[in-house]
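The next block holds one structure in the form of structure tokens; read it before the comments.
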Amino acid sequence: MAGKGSRDWHTGLLDCAKDVPSCCYGFWCCPCLACSISVKLEENTCLPLCDIFGPGVFAACGIPLCAPPAVLSARVAMRHRYGIKGSLCKDIAVSCVCEWCSWCQMHRELKHHKKTPTVINVQNNPVVNMQPIPVAQPPVVMMPAQPVPASYVVQPGVVMRPY
């Protein structure tokens, strides 16, 4: 699955200088940044808290936890949603080495996609009219509301009536 996407991330993992507010947000309150990204990815708001409390709970149970699950799943979901090149191995490495940098990179990517307009290619296809074929109806004879007396027209303007 490596390289399945069509493009790279908009910014690099350590490109904090390209969006200082995002990096300050991530540095001073990474859990808040992670929760806001989780909401934008239409996931549970508290999902990133698994990365904070998960290792302690697992360590207390004697289970080592290597990769933070929330940042890893969010990173993979974002790669698939936006067609970004990469692999699961790279996502695991990034998530383990610098979780906060990964959240900041995802935030910059979401901001880039929010302001980038969606381009739709339209092809000029012929329009086919798909209306039903009209069915021949028998003629309808309408009767006047009041009966008209019988008369004959001999010449235009001359009417002859029987006595």
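Residue numbering restarts at 1 in every chain; chains get A, B, ... in the order shown in the structure tokens, and ligands count up from 1 in that same order.
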
Close residues, A:Asp15 itself excluded, 12 Å, only C-alpha atoms, min 6 positions apart in chain, as a short mmCIF file (atom, residue, chain, number, x, y, z; two decimals) with N, CA, C and O atoms, in the first residue's frame:
```cif
data_model
loop_
_atom_site.label_atom_id
_atom_site.label_comp_id
_atom_site.auth_asym_id
_atom_site.auth_seq_id
_atom_site.Cartn_x
_atom_site.Cartn_y
_atom_site.Cartn_z
N TRP A 9 2.09 15.28 1.68
CA TRP A 9 1.47 16.17 2.65
C TRP A 9 1.73 17.61 2.20
O TRP A 9 2.77 17.92 1.61
N SER A 22 -0.76 27.36 14.46
CA SER A 22 -1.07 25.94 14.66
C SER A 22 -0.05 25.27 15.56
O SER A 22 -0.40 24.46 16.42
N CYS A 23 1.22 25.61 15.36
CA CYS A 23 2.26 24.99 16.18
C CYS A 23 2.21 25.48 17.62
O CYS A 23 2.46 24.70 18.55
N CYS A 101 4.09 16.71 16.77
CA CYS A 101 4.38 17.21 15.42
C CYS A 101 3.38 16.62 14.42
O CYS A 101 2.98 17.30 13.48
N SER A 102 2.99 15.38 14.65
CA SER A 102 2.03 14.74 13.77
C SER A 102 0.67 15.44 13.85
O SER A 102 0.03 15.70 12.83
N CYS A 104 0.16 18.55 14.72
CA CYS A 104 0.31 19.87 14.10
C CYS A 104 0.30 19.77 12.58
O CYS A 104 -0.31 20.61 11.90
N GLN A 105 0.95 18.75 12.02
CA GLN A 105 0.95 18.56 10.58
C GLN A 105 -0.47 18.28 10.07
O GLN A 105 -0.89 18.81 9.04
N MET A 106 -1.21 17.46 10.80
CA MET A 106 -2.59 17.17 10.39
C MET A 106 -3.46 18.43 10.47
O MET A 106 -4.33 18.65 9.62
N HIS A 107 -3.22 19.28 11.47
CA HIS A 107 -3.98 20.52 11.59
C HIS A 107 -3.68 21.44 10.41
O HIS A 107 -4.60 22.04 9.84
N ARG A 108 -2.41 21.55 10.03
CA ARG A 108 -2.05 22.37 8.87
C ARG A 108 -2.69 21.82 7.60
O ARG A 108 -3.16 22.57 6.74
N GLU A 109 -2.74 20.49 7.47
CA GLU A 109 -3.35 19.86 6.29
C GLU A 109 -4.85 20.17 6.23
O GLU A 109 -5.38 20.48 5.17
#
```

>> Can you tell me which residues surround A:Leu72 at a distance of at most 7 Å, considering only C-alpha atoms, apart from same-chain residues fewer than 4 positions away, and format the answer as a PyMOL selection string?
In response: chain A and resi 68+76+91-92+95

> Closest to A:Tyr25 among A:Cys46, A:Leu88, A:Ser73, A:Trp100, using only C-alpha atoms?
Replying inline: A:Trp100
